[in-house]
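Data first, discussion second: the structure below is written as structure tokens.
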Amino acid sequence: IEVTRLGFSYQSMQVTVGAGETAVADFGLRTEAINLDELVVTGTAGSARRREIGNTVGVITSDDIEAQPITSVSEVLQGRTAGLTVKTRGGAPGAGAEITLRGVNTLGGPGGNKPLIYVDGVRLEQGNHQYADEANNQATPFDDLDPNSIERIEVIKGAAATTLYGTEAAGGVIQVFTKSGGGGAPQWTFSTSQGFSNISHFGPKEDPTGLHMVDCSMDPGCPESGSWLKNGYIQEYDLSVQGGTDVPYYFSASLGDQEGNISPQSATNFSLRGNFRFEPLDNFTIRSSNMFTRREITFVPDGNNAEGLILNVARWERDYTPGHDDSAILEMDLRQQIDHFITSLQMQWSPSTSMNHRLNLGLDSSTTSDTEERPWGFFYQTTGDREVDQALDRNINVDYAGSYSSDITVPFLNLDLASSTSWGAQYYDGFNQGLNGFGEEFSGPGDKVLQSGVITEVNEDWLRIASGGFFAQQQFGWNDRLFVTLGARWDGFSTFGENFGMAFYPKASMAYTISDHDFWPSWWETMKLRAALGESGRAPGPFASKRTWASTSGDDNQAAVILSELGNEDVGPERTQEIEGGFEASMFEGRLSIDFTYFDQTTSDALLRLDRPSSIGTEQALLTNLGEVSNAGYEFTANANLLTTRNFSWDLGGNYYHGEDEVVSLGPVTDERLKGKPVSAQFGDCVTNADAVGERPDFDECYLGGARPTTTFGINTRFTLFRNLTLEALGEYQGGHIK
């Protein structure tokens with residue numbers, strides 16, 4: 001009897017069954033360290049086996065997600081993939097996180113260093129949701145997803161792996177695949193998680209009051225508990241059903257609520273998902289994926305300003321509130337509502353065993369409403385004011401990919417090669433619209449609308465960006481061991497200058513499973529060598545290439561226009577070139593796996609603003625391709641199965657990343673302070689006569705360090721008892737940056 005399951009090691013057993021007898025054979029499968037036949041989608045023209053890919057791919061499965069007490073999708077990524085760094089923007093419920101892959105490879109051009117994120121083939125909004133200024137916290141579209149509906153996440157890092165995604169993919173790509181249902185009778189699943197968040201101390205340990213956040217019993221307005229901090233209760237409920245015969249389906253609904261550690265912080269979320277799959281023809285499959293999420297978030301005023309709660313409490317008697325009653329700050333109303341809808345339709349047609357076509361249509365649409373109100377009688381604005389911001393973000397993408405596979409014989413070399421030719425095209429259309437209304441100087445207390453203010457104003461903005469590109473790729477395979485891939489991408493973008501034309505990004509990769517040779521030792525089951533070279537880009541921002549004008553008033557309040565942006569007709573994308581090499585290995589019957597990668601990136605034509613003479617009619621600097629950034633490092637991942645018995649197993653894993661970026665050149669505006677320093681270099685005043693006693697300190701500007709981690713280390717361990725109970729721990733360290 002042979003037993004196989006994707007993601008688990010193969011096992012076999014010889015069983016003898018006598019006539020009229022019954023035999024029972026028990027198998028305990030271990031998690032497989034490296035599965036080279038595992039199908040990977042991200043970074044390829046279509047699905048490809050891991051053994052064919054010349055770059056590293058990080059994979060997180062539903063098994064990893066189900067074992068974690070997570071409250072957002074960002075937390076799913078934390079500490080699980082080498083080179084992936086998650087930095088939270090704040091501890092408030094609903095606050096998003098910043099995700100970077102392999103550090104920084106840009107000088108801060110439009111879009112920053114964010115990766116592209118796809119959900120079932122739909123490209124998500126790359127920016128953050130709109131937010132109220134006084135909240136100083138931003139929600140992200142990525143965290144609108146329900147983690148329990150995710151089947152798999154694939155992560156690729158660097159230009160060598162993202163060439164086929166073209167412009168805007170230099171920061172990497174994260175692709176999320178949700179559950180689709182396995183067919184058959186309906187299977188219902190209900191799960192709930194309960195927990196709390198806690199902040200044990202705030203500020204220096206020598207201060208028992210915790211900067212008066214832990215103990216505020218002597219302060220006016222202090223909560224009855226004697227502390228501004230409390231345990232934040234967290235609850236989540238998920239219900240799903242999957243099944244179907246002719247039309248397999250997956251439905252899910254989730255409801256969650258998270259309280260903050262400071263009242264009235266809170267975030268509630270409600271999510272629905274419906275996925276379907278059907279085959280009207282034997283060789284034609286249609287898949288539909290649909291999601292709706294509503295999030296309602298309540299913030300408290302935060303940040304380094306006179307209305308920030310923590311700032312005022314920490315300053316104690318040097319605060320800004322009347323009578324030192326900091327509870328007056330909480331009279332401000334800060335609320336946000338997010339409605340997010342994602343839908344995709346994928347059609348796959350295979351007219352023969354050697355040819356395949358795939359067409360994907362996707363829509364990502366979200367509306368955000370923020371309310372910020374200082375009521376009448378508020379200490380900082382006694383007559384009160386109210387601001388309402390509404391934003392619409394709509395993204396449409398159309399992707400087509402085709403492939404043709406065949407076998408080629410080269411007689412004079414006595415070679416039999418497998419050939420795979422792929423081609424495709426993409427179109428993306430992004431639209432953003434925002435409305436802002438403001439009213440101030442209310443005549444009295446009570447509920448308000450904007451026109452309640454004596455002074456009102458309204459602002460509107462909208463923006464549309466379009467891009468398109470096509471690619472071609474050729475792969476040759478020899479004996480299912482050696483695979484060589486060549487490819488290229490051509491891109492057009494609405495923000496490129498008229499004189500620039502199209503961007504061209506080439507790629508090449510090699511993957512060689514050397515362990516398939518007979519000379520390889522049997523205890524070392526898998527050894528795959530890989531290398532890749534590729535380029536991808538980062539587009540200039542809106543209006544970078546266009547001359548724009550702004551309205552103003554002239555003499556006697558007559559309408560007039562002035563030059564706003566000069567525009568650069570030659571501006572193009574930043575270009576990131578990367579070389580990546582490494583290996584994947586497993587040994588000791590799959591009990592130990594190792595994955596190592598070295599990468600070296602160079603970003604040329606980095607976008608910078610070049611000051612122009614004010615005599616041209618505008619003070620705006622010109623966005624120009626001037627700079628250069630280097631970024632290099634290595635990643636290491638290891639997983640081990642330390643012990644497996646019938647009723648107990650113990651797995652231990654870890655990953656390590658170290659990478660350093662450096663400003664090589666800023667073109668003609670090079671600042672010698674920055675050259676050779678990290679992109680996130682921070683400077684500040686340092687005492688130059690620290691050893692002098694009784695003298696006035698002297699200060700001089702000095703380099704303090706980089707603001708981003710250069711080293712991350714993650715470790716996780718999992719215990720499985722009686723095949724039913726799983727205990728898992730996960731930890732992460734980030735260092736190498738200024739604290």
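Labels used: A, B, ... for chains in the order of the structure tokens, numbers from 1 for residues in each chain, and numbers from 1 for ligands as shown.
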Practice prompt. Name all residues at most 7 Å from range 172-183 of chain A (count only C-alpha atoms; drop same-chain ones fewer than 6 positions away) and give them as number ranges by chain.
Written response: A: 42, 101, 115-120, 149-158, 162, 242-245, 248-250, 275-276
Item to complete: Tell me which protein, DNA and RNA residues are within 9 Å of Thr321 in chain A, counting only C-alpha atoms, leaving out same-chain ones fewer than 3 positions away, and put them as JSON, numbers by chain.
Response: {"A": [306, 307, 312, 324, 325, 326, 327, 328, 329, 379, 380]}
So which residues touch Gln126 in chain A within 12 Å, counting only C-alpha atoms, skipping near sequence neighbours fewer than 4 positions away, as an mmCIF file with N, CA and C atoms, in the first residue's frame?
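Below you can see out.cif, which holds the result:
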```cif
data_model
loop_
_atom_site.group_PDB
_atom_site.id
_atom_site.type_symbol
_atom_site.label_atom_id
_atom_site.label_comp_id
_atom_site.auth_asym_id
_atom_site.auth_seq_id
_atom_site.Cartn_x
_atom_site.Cartn_y
_atom_site.Cartn_z
ATOM 1 N N GLU A 98 3.014 47.984 7.593
ATOM 2 C CA GLU A 98 3.835 48.218 6.407
ATOM 3 C C GLU A 98 4.600 46.942 6.098
ATOM 4 N N ILE A 99 4.455 46.448 4.875
ATOM 5 C CA ILE A 99 5.085 45.199 4.460
ATOM 6 C C ILE A 99 6.193 45.514 3.460
ATOM 7 N N PRO A 110 7.196 57.300 -5.986
ATOM 8 C CA PRO A 110 5.763 57.033 -5.824
ATOM 9 C C PRO A 110 5.511 55.543 -5.628
ATOM 10 N N GLY A 111 4.637 55.216 -4.688
ATOM 11 C CA GLY A 111 4.372 53.818 -4.382
ATOM 12 C C GLY A 111 5.306 53.254 -3.347
ATOM 13 N N GLY A 112 6.421 53.971 -3.087
ATOM 14 C CA GLY A 112 7.357 53.522 -2.070
ATOM 15 C C GLY A 112 7.907 52.146 -2.375
ATOM 16 N N ASN A 113 8.110 51.365 -1.338
ATOM 17 C CA ASN A 113 8.700 50.041 -1.481
ATOM 18 C C ASN A 113 7.652 48.942 -1.306
ATOM 19 N N LYS A 114 6.382 49.292 -1.504
ATOM 20 C CA LYS A 114 5.297 48.345 -1.260
ATOM 21 C C LYS A 114 5.277 47.248 -2.324
ATOM 22 N N PRO A 115 4.975 46.015 -1.923
ATOM 23 C CA PRO A 115 4.797 44.946 -2.917
ATOM 24 C C PRO A 115 3.426 45.026 -3.567
ATOM 25 N N LEU A 116 3.310 44.445 -4.750
ATOM 26 C CA LEU A 116 2.002 44.268 -5.365
ATOM 27 C C LEU A 116 1.288 43.117 -4.655
ATOM 28 N N ILE A 117 -0.011 43.254 -4.453
ATOM 29 C CA ILE A 117 -0.795 42.217 -3.783
ATOM 30 C C ILE A 117 -1.966 41.836 -4.683
ATOM 31 N N TYR A 118 -2.088 40.532 -4.935
ATOM 32 C CA TYR A 118 -3.189 39.993 -5.721
ATOM 33 C C TYR A 118 -4.005 39.037 -4.852
ATOM 34 N N VAL A 122 -6.966 39.280 -8.529
ATOM 35 C CA VAL A 122 -7.394 40.680 -8.518
ATOM 36 C C VAL A 122 -6.314 41.515 -7.850
ATOM 37 N N THR A 140 -5.252 49.284 6.111
ATOM 38 C CA THR A 140 -4.767 48.863 4.804
ATOM 39 C C THR A 140 -5.776 47.936 4.141
ATOM 40 N N PRO A 141 -5.894 47.988 2.807
ATOM 41 C CA PRO A 141 -6.820 47.089 2.106
ATOM 42 C C PRO A 141 -6.496 45.621 2.335
ATOM 43 N N PHE A 142 -5.221 45.286 2.499
ATOM 44 C CA PHE A 142 -4.811 43.898 2.699
ATOM 45 C C PHE A 142 -5.483 43.300 3.936
ATOM 46 N N GLU A 168 6.082 48.571 -11.366
ATOM 47 C CA GLU A 168 5.486 48.569 -10.028
ATOM 48 C C GLU A 168 5.720 47.270 -9.265
ATOM 49 N N ALA A 169 6.466 46.324 -9.848
ATOM 50 C CA ALA A 169 6.693 45.050 -9.169
ATOM 51 C C ALA A 169 8.073 44.958 -8.538
ATOM 52 N N GLY A 171 9.094 46.007 -5.807
ATOM 53 C CA GLY A 171 9.003 45.743 -4.378
ATOM 54 C C GLY A 171 8.551 44.341 -4.043
ATOM 55 N N GLY A 172 8.365 43.475 -5.065
ATOM 56 C CA GLY A 172 7.931 42.107 -4.834
ATOM 57 C C GLY A 172 6.443 41.927 -5.079
ATOM 58 N N VAL A 173 6.000 40.672 -4.981
ATOM 59 C CA VAL A 173 4.597 40.327 -5.232
ATOM 60 C C VAL A 173 4.126 39.342 -4.166
ATOM 61 N N ILE A 174 2.943 39.600 -3.630
ATOM 62 C CA ILE A 174 2.271 38.680 -2.704
ATOM 63 C C ILE A 174 0.949 38.280 -3.346
ATOM 64 N N ASP A 364 -11.511 45.480 -7.891
ATOM 65 C CA ASP A 364 -11.283 45.793 -6.481
ATOM 66 C C ASP A 364 -11.851 47.182 -6.234
ATOM 67 N N ASP A 393 -11.925 54.098 -4.193
ATOM 68 C CA ASP A 393 -10.789 53.513 -4.898
ATOM 69 C C ASP A 393 -11.310 52.338 -5.721
ATOM 70 N N ARG A 394 -11.100 52.402 -7.037
ATOM 71 C CA ARG A 394 -11.578 51.343 -7.919
ATOM 72 C C ARG A 394 -10.434 50.891 -8.822
ATOM 73 N N ASN A 395 -10.174 49.605 -8.815
ATOM 74 C CA ASN A 395 -9.098 49.050 -9.623
ATOM 75 C C ASN A 395 -9.645 47.917 -10.482
ATOM 76 N N GLY A 430 -6.677 52.153 -12.675
ATOM 77 C CA GLY A 430 -6.926 52.560 -11.299
ATOM 78 C C GLY A 430 -7.553 53.934 -11.229
ATOM 79 N N ASN A 432 -9.230 56.866 -8.463
ATOM 80 C CA ASN A 432 -9.400 57.333 -7.088
ATOM 81 C C ASN A 432 -10.133 58.657 -7.095
#
```
Worksheet item: Using only C-alpha atoms, which of A:Ser403, A:Thr371, A:Thr167, A:Thr602 sits nearest Trp349 in chain A?
Response: A:Ser403
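Across the structure, CA of Thr645 in chain A and CA of Phe719 in chain A are spaced 11.6 Å apart.
Distances to Asn639 in chain A were evaluated for A:Val214, A:Ala606, A:Ile594, A:Ala621 using only C-alpha atoms, and the minimum falls at A:Ile594.
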Practice prompt. Pick out the residues sitting within 8 Å of Glu701 in chain A, and hand them over as a PyMOL selection string; count only C-alpha atoms, and ignore anything fewer than 3 positions along from it in its own chain.
Written response: chain A and resi 683-686
Item to complete: With a distance cut-off of 10 Å and only C-alpha atoms, select the neighbouring residues of Thr353 in chain A, excluding the residue or stretch itself and same-chain residues fewer than 5 positions from it, and output the selection as a list in words.
Response: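 My list of contacting residues is Asn283, Tyr404, Ser405 and Ser406 of chain A.
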For those residues, write N, CA, C and O atoms to a file as a compact mmCIF listing (two decimals), in the first residue's frame.
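Saved to out06.txt:
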```txt
# COMPACT_ATOMS: atom_id res chain seq x y z
N ASN A 283 -13.10 20.65 -21.19
CA ASN A 283 -11.81 21.33 -21.21
C ASN A 283 -11.93 22.83 -20.92
O ASN A 283 -11.04 23.60 -21.25
N TYR A 404 2.10 26.73 -24.42
CA TYR A 404 2.14 25.55 -25.29
C TYR A 404 3.34 24.72 -24.92
O TYR A 404 4.48 25.22 -24.83
N SER A 405 3.12 23.44 -24.66
CA SER A 405 4.18 22.54 -24.25
C SER A 405 4.40 21.47 -25.30
O SER A 405 3.44 20.99 -25.93
N SER A 406 5.66 21.07 -25.49
CA SER A 406 5.99 20.04 -26.46
C SER A 406 7.32 19.42 -26.10
O SER A 406 8.06 19.93 -25.25
```
